[in-house]
Structure formats: structure tokens, C-alpha cells
>>> print(open('upload.cif').read())   # mmCIF, C-alpha atoms
data_protein
loop_
_atom_site.label_atom_id
_atom_site.label_comp_id
_atom_site.auth_asym_id
_atom_site.auth_seq_id
_atom_site.Cartn_x
_atom_site.Cartn_y
_atom_site.Cartn_z
CA MET K 1 0.00 0.00 0.00
CA SER K 2 2.78 2.46 0.86
CA GLN K 3 4.58 1.82 -2.45
CA LEU K 4 1.30 2.32 -4.31
CA ALA K 5 0.76 5.62 -2.51
CA LEU K 6 4.25 6.82 -3.44
CA ASP K 7 3.74 5.81 -7.07
CA LEU K 8 0.45 7.72 -7.19
CA ILE K 9 1.89 10.88 -5.60
CA ALA K 10 4.63 10.91 -8.23
CA THR K 11 2.05 11.14 -11.02
CA VAL K 12 0.33 14.26 -9.70
CA GLU K 13 1.92 17.68 -10.13
CA PRO K 14 0.82 20.03 -7.35
CA THR K 15 -0.79 23.29 -8.44
CA LEU K 16 -2.74 26.02 -6.70
CA ASP K 17 -5.81 24.80 -8.55
CA ASN K 18 -5.67 21.22 -7.27
CA PHE K 19 -4.99 22.24 -3.67
CA VAL K 20 -8.03 21.40 -1.55
CA THR K 21 -8.70 24.71 0.16
CA GLY K 22 -10.75 23.64 3.15
CA SER K 23 -10.57 26.46 5.71
CA ASN K 24 -7.46 27.97 4.08
CA HIS K 25 -9.25 30.42 1.78
CA GLU K 26 -7.37 33.52 2.92
CA CYS K 27 -4.01 31.82 2.55
CA LEU K 28 -4.76 30.52 -0.94
CA ALA K 29 -6.01 33.93 -2.08
CA CYS K 30 -2.76 35.49 -0.89
CA LEU K 31 -0.66 32.90 -2.74
CA ARG K 32 -2.67 33.31 -5.93
CA ALA K 33 -2.01 37.05 -5.79
CA LEU K 34 1.72 36.45 -5.35
CA ALA K 35 1.79 33.98 -8.25
CA ALA K 36 0.02 36.59 -10.40
CA GLY K 37 2.75 39.13 -9.65
CA GLU K 38 1.14 41.18 -6.89
CA ARG K 39 3.70 42.33 -4.33
CA ARG K 40 1.62 44.00 -1.60
CA HIS K 41 2.68 41.20 0.79
CA ARG K 42 6.06 39.86 -0.25
CA PHE K 43 6.98 37.59 2.65
CA VAL K 44 4.72 34.70 3.62
CA TYR K 45 5.28 31.83 6.02
CA LEU K 46 3.06 28.73 6.00
CA TRP K 47 3.10 26.16 8.76
CA GLY K 48 1.09 23.10 9.62
CA LEU K 49 1.15 19.44 10.52
CA PRO K 50 2.03 16.72 7.98
CA GLY K 51 -0.80 16.43 5.48
CA SER K 52 -1.76 20.10 5.78
CA GLY K 53 -0.55 20.79 2.24
CA ARG K 54 2.41 23.06 2.92
CA SER K 55 4.77 21.15 0.60
CA HIS K 56 2.05 20.99 -2.06
CA LEU K 57 1.79 24.79 -2.01
CA ALA K 58 5.55 25.32 -1.99
CA ARG K 59 6.00 23.09 -5.03
CA ALA K 60 3.04 24.71 -6.78
CA LEU K 61 4.52 28.17 -6.28
CA ALA K 62 7.95 27.06 -7.45
CA ALA K 63 6.40 25.70 -10.64
CA ALA K 64 4.35 28.87 -11.11
CA GLY K 65 7.40 31.13 -11.06
CA PRO K 66 8.32 33.21 -14.13
CA ALA K 67 10.16 31.37 -16.89
CA GLY K 68 12.68 34.20 -17.08
CA ASP K 69 13.05 37.52 -18.84
CA HIS K 70 13.89 37.84 -22.50
CA PRO K 71 15.66 40.77 -24.15
CA GLY K 72 13.47 43.85 -24.35
CA ALA K 73 10.83 42.52 -21.98
CA GLU K 74 9.81 44.12 -18.73
CA PRO K 75 11.51 42.46 -15.74
CA GLN K 76 9.21 39.86 -14.23
CA PRO K 77 8.45 39.68 -10.51
CA ALA K 78 10.39 36.84 -8.89
CA LEU K 79 8.83 34.36 -6.49
CA GLU K 80 10.95 31.96 -4.44
CA ALA K 81 9.52 29.11 -2.37
CA VAL K 82 11.50 27.34 0.35
CA ASP K 83 9.92 24.22 1.84
CA ASP K 84 10.56 22.78 5.32
CA VAL K 85 12.82 25.50 6.69
CA GLN K 86 13.10 23.55 9.95
CA ARG K 87 15.45 21.21 8.08
CA LEU K 88 17.94 23.90 7.05
CA ASP K 89 21.49 23.48 8.30
CA ALA K 90 23.74 26.42 9.14
CA ALA K 91 24.67 26.97 5.49
CA GLY K 92 21.05 26.78 4.40
CA GLN K 93 19.98 29.24 7.06
CA ALA K 94 22.70 31.67 5.98
CA TRP K 95 21.58 31.34 2.37
CA LEU K 96 17.93 31.99 3.20
CA PHE K 97 18.79 34.99 5.35
CA GLY K 98 20.76 36.30 2.38
CA ARG K 99 17.67 35.95 0.19
CA PHE K 100 15.70 38.09 2.64
CA ILE K 101 18.45 40.71 2.51
CA ALA K 102 18.33 40.60 -1.29
CA ALA K 103 14.54 40.96 -1.22
CA ALA K 104 14.83 44.06 0.95
CA ALA K 105 16.67 45.71 -1.94
CA ASP K 106 14.43 44.30 -4.69
CA PRO K 107 10.69 45.06 -4.37
CA ARG K 108 9.93 42.56 -7.16
CA LEU K 109 11.13 39.59 -5.11
CA ALA K 110 8.70 37.64 -2.92
CA ILE K 111 9.62 34.74 -0.64
CA VAL K 112 7.27 32.04 0.63
CA CYS K 113 8.60 29.61 3.24
CA THR K 114 7.02 26.63 4.93
CA GLY K 115 7.71 24.84 8.18
CA ASP K 116 6.23 22.46 10.70
CA ARG K 117 5.68 25.01 13.49
CA PRO K 118 5.25 28.76 14.04
CA PRO K 119 8.29 30.96 13.28
CA LEU K 120 9.26 31.66 16.90
CA ALA K 121 9.18 27.93 17.72
CA LEU K 122 11.70 27.03 15.00
CA ALA K 123 15.18 25.94 16.05
CA LEU K 124 16.82 28.39 13.65
CA ARG K 125 19.11 31.40 14.04
CA GLU K 126 17.34 34.30 15.69
CA ASP K 127 17.65 36.78 12.83
CA LEU K 128 16.13 34.26 10.40
CA ARG K 129 13.25 33.42 12.73
CA THR K 130 12.54 37.14 13.02
CA ARG K 131 12.46 37.51 9.24
CA LEU K 132 10.16 34.51 8.84
CA GLY K 133 7.69 35.94 11.34
CA ALA K 134 7.81 39.51 10.03
CA GLY K 135 5.53 38.88 7.05
CA LEU K 136 2.18 37.15 6.77
CA VAL K 137 1.96 33.90 8.74
CA PHE K 138 -0.72 31.30 7.96
CA GLU K 139 -1.43 28.10 9.84
CA LEU K 140 -2.58 25.52 7.29
CA ARG K 141 -5.31 23.19 8.45
CA ALA K 142 -5.76 19.85 6.74
CA PRO K 143 -9.34 18.98 5.81
CA ASP K 144 -11.13 16.62 8.17
CA ASP K 145 -12.74 13.39 6.96
CA ALA K 146 -15.92 15.24 6.03
CA GLY K 147 -13.90 17.69 3.96
CA ARG K 148 -11.95 14.88 2.32
CA ALA K 149 -15.17 13.09 1.47
CA GLN K 150 -16.68 16.24 -0.04
CA ALA K 151 -13.53 16.82 -2.11
CA LEU K 152 -13.57 13.24 -3.40
CA VAL K 153 -17.27 13.35 -4.24
CA ARG K 154 -16.79 16.67 -6.06
CA ALA K 155 -13.81 15.28 -7.99
CA ALA K 156 -15.80 12.19 -8.95
CA HIS K 157 -18.72 14.25 -10.21
CA GLU K 158 -16.39 16.53 -12.18
CA ARG K 159 -15.02 13.44 -13.93
CA GLY K 160 -18.53 12.13 -14.58
CA LEU K 161 -18.00 9.20 -12.20
CA GLN K 162 -20.62 7.39 -10.16
CA PRO K 163 -18.70 5.61 -7.37
CA ALA K 164 -20.62 3.10 -5.26
CA PRO K 165 -21.86 4.59 -1.97
CA ASP K 166 -19.41 2.56 0.14
CA LEU K 167 -16.32 3.27 -1.98
CA ILE K 168 -15.30 6.70 -0.66
CA PRO K 169 -16.00 5.84 3.03
CA TRP K 170 -13.80 2.75 2.62
CA LEU K 171 -10.98 4.82 1.10
CA LEU K 172 -11.13 7.29 3.98
CA THR K 173 -11.03 4.49 6.55
CA HIS K 174 -8.46 2.12 5.03
CA HIS K 175 -6.32 4.10 2.60
CA ALA K 176 -3.76 6.90 2.94
CA ARG K 177 -5.07 10.08 4.55
CA ASP K 178 -3.12 12.35 2.21
CA LEU K 179 -5.77 13.91 -0.01
CA ARG K 180 -3.50 13.96 -3.04
CA VAL K 181 -3.08 10.21 -2.73
CA LEU K 182 -6.83 9.76 -2.34
CA MET K 183 -7.50 11.88 -5.44
CA SER K 184 -4.90 9.98 -7.43
CA THR K 185 -6.35 6.68 -6.29
CA LEU K 186 -9.78 7.73 -7.53
CA GLU K 187 -8.37 8.75 -10.93
CA ALA K 188 -6.31 5.58 -11.30
CA LEU K 189 -9.25 3.42 -10.25
CA ASP K 190 -11.39 5.13 -12.87
CA ARG K 191 -8.86 4.22 -15.57
CA HIS K 192 -8.77 0.65 -14.25
CA ALA K 193 -12.57 0.43 -14.31
CA LEU K 194 -12.74 1.73 -17.87
CA ALA K 195 -10.10 -0.71 -19.07
CA ARG K 196 -12.03 -3.62 -17.58
CA LYS K 197 -15.51 -2.23 -18.25
CA ARG K 198 -16.49 -2.71 -14.62
CA PRO K 199 -18.44 -0.44 -12.27
CA LEU K 200 -16.57 1.79 -9.83
CA ASN K 201 -17.20 -0.12 -6.63
CA LEU K 202 -15.47 -1.66 -3.64
CA PRO K 203 -14.81 -5.13 -5.16
CA LEU K 204 -13.05 -3.44 -8.09
CA LEU K 205 -10.95 -1.33 -5.69
CA ARG K 206 -9.91 -4.36 -3.66
CA ASP K 207 -8.98 -6.31 -6.81
CA TRP K 208 -6.95 -3.36 -8.08
CA LEU K 209 -5.10 -2.90 -4.79
CA ALA K 210 -4.34 -6.62 -4.65
CA GLN K 211 -2.89 -6.51 -8.19
CA ALA K 212 -0.85 -3.39 -7.38
CA GLY K 213 0.45 -4.98 -4.19
CA GLY K 214 1.49 -8.11 -6.06
CA ALA K 215 3.27 -6.06 -8.73
CA ALA K 216 5.16 -4.07 -6.07
CA ALA K 217 6.20 -7.26 -4.26
CA GLY K 218 7.67 -8.62 -7.50
CA ARG K 219 9.98 -5.68 -8.06
#
>>> encode(input="upload.cif", output="C-alpha cells")
Amino acid sequence: MSQLALDLIATVEPTLDNFVTGSNHECLACLRALAAGERRHRFVYLWGLPGSGRSHLARALAAAGPAGDHPGAEPQPALEAVDDVQRLDAAGQAWLFGRFIAAAADPRLAIVCTGDRPPLALALREDLRTRLGAGLVFELRAPDDAGRAQALVRAAHERGLQPAPDLIPWLLTHHARDLRVLMSTLEALDRHALARKRPLNLPLLRDWLAQAGGAAAGR
């Protein structure tokens, strides 16, 4: 099951559009504005527990950055995303502090960082913790099971799927809790159902997981 989850995550590119917002509307609106080039708030720190989506957002912002200027074009606003700052060693902390210094001299540059706890609780150098907490700080909250279920039902309907009533509750109870994995599972199961011309139900899911588990064991 864990190998299957990793394989599924690898197939999904995180974007701001496929982030499940939940109660994080204000945060997502801020990040969309940054990605669009707005620089009213240039320093943002996101923190939350595993599964809250902080790495998803960091990767989405990194991918949304400008492709680079070309001769004669107006300089494009730069957006840098640094994930899991709590893991930075001394050299990494010095580098990130340097980026904040550079941003102070360049109003086009915005920096979004993520971590697993509030800025002042990070075991980082004091001047860096101060910089991280000086901008906007958002605590990301992962959706609860009801929110995950709603997101899965909405995704199914958008794809024109009619999953059996017990399918999504079973996924939420027995499968990975990461919503990206759950979404990917639903999409992959849909492809499996189409290939075999079978309904999207729990027996099909169990057969598919058994086949995937057997394939992983044979590697």
C-alpha cells in the first residue's frame, strides 16, 4: 500500500488549482495574488502538521514562477519558495537569510517559506526566525474526513464518475489520509474500471489494490 501511494503521488503535479482549500481560503487567495505578480505582501510563512498541504503549495509556487526575462521585456516579478525551513542546516539558514536581505533591496522579489511550526518555535538562528515571522503567517489546516469526502465526491462528479456509496467511506477508513493520494487513487481506479468495463465499486478497488500490491512485491 505504501509503495502504491508513493507511485500515485509521483504522477500528480501540485498546483494552486488542485490544492483542496478547506478552511485555508485567505491563505490561498494570498498565494494566488503572489503567483500573479502582486507584491503588496512579499513575505509569507506557511506552517502546519504533515498532510496540511504546505509542501504541495511550496512546489506549486515554485512551478508557477516566471520562466525568465527575455531581451526587451519588462523584468518579471520573482517568487521563491523554500519548503521545510526547519530542516535547514547552518549553510542553508545563511543562504535563506541572504535571500531576505536581497529581497529588501528588490521590491519585485517575494519569498514564501514553509515549516512544521510557528516561526518563533523554529530551532533556527534568531535573525532568520525574526524575518520569517515579520511577514504574513498562515497556519494551514488539513481537511477533516468530512472535507476529504466532499472533495472526493466533487472530484468524482467533475469526472462524470458514479462511485458506489461505500467506496469513498472505505478509502477514507483504510487508505492513505493524504488527499493527493486519495484523489490519485480515484483517478487511477477510474482508468482501471474503464479498461475492464467494470463499475466503480469496492470489489473493483480491492482487486486493483491486490494486483498493485502483487506487482510491487515482484519488483
>>> residues_around(input="upload.cif", residues="Leu88 in chain K", least_positions_apart="5", cutoff="9 Å", atoms="only C-alpha atoms", output="MDAnalysis selection string")
chainID K and resid 93 96 124
>>> residues_near_point(input="upload.cif", point="(1.9, 34.2, -11.5)", cutoff="12 Å", atoms="all atoms listed in the file", output="PyMOL selection string")
chain K and resi 15-16+30-39+60-67+76-80+110
>>> atom_distance(input="upload.cif", atom1="CA of Gly147 in chain K", atom2="CA of Ser52 in chain K")
12.5 Å
>>> residues_near_point(input="upload.cif", point="(11.3, 25.7, -0.7)", cutoff="7 Å", atoms="only C-alpha atoms", output="number ranges by chain")
K: 58, 81-84, 113
>>> closest_residue(input="upload.cif", among="K:Asn24, K:Ser184, K:Thr130, K:Thr173", to="Ala156 in chain K", atoms="only C-alpha atoms")
K:Ser184
>>> atom_distance(input="upload.cif", atom1="CA of Ser55 in chain K", atom2="CA of Arg191 in chain K")
27.1 Å
>>> resolve_selection(input="upload.cif", expression="the PyMOL selection byres ((chain K and resi 22) around 8)", output="PyMOL selection string")
chain K and resi 20-21+23-25+141-143+147
>>> resolve_selection(input="upload.cif", expression="the PyMOL selection byres ((chain K and resi 46) around 8)", output="number ranges by chain")
K: 44-45, 47-48, 54, 112-115, 137-140
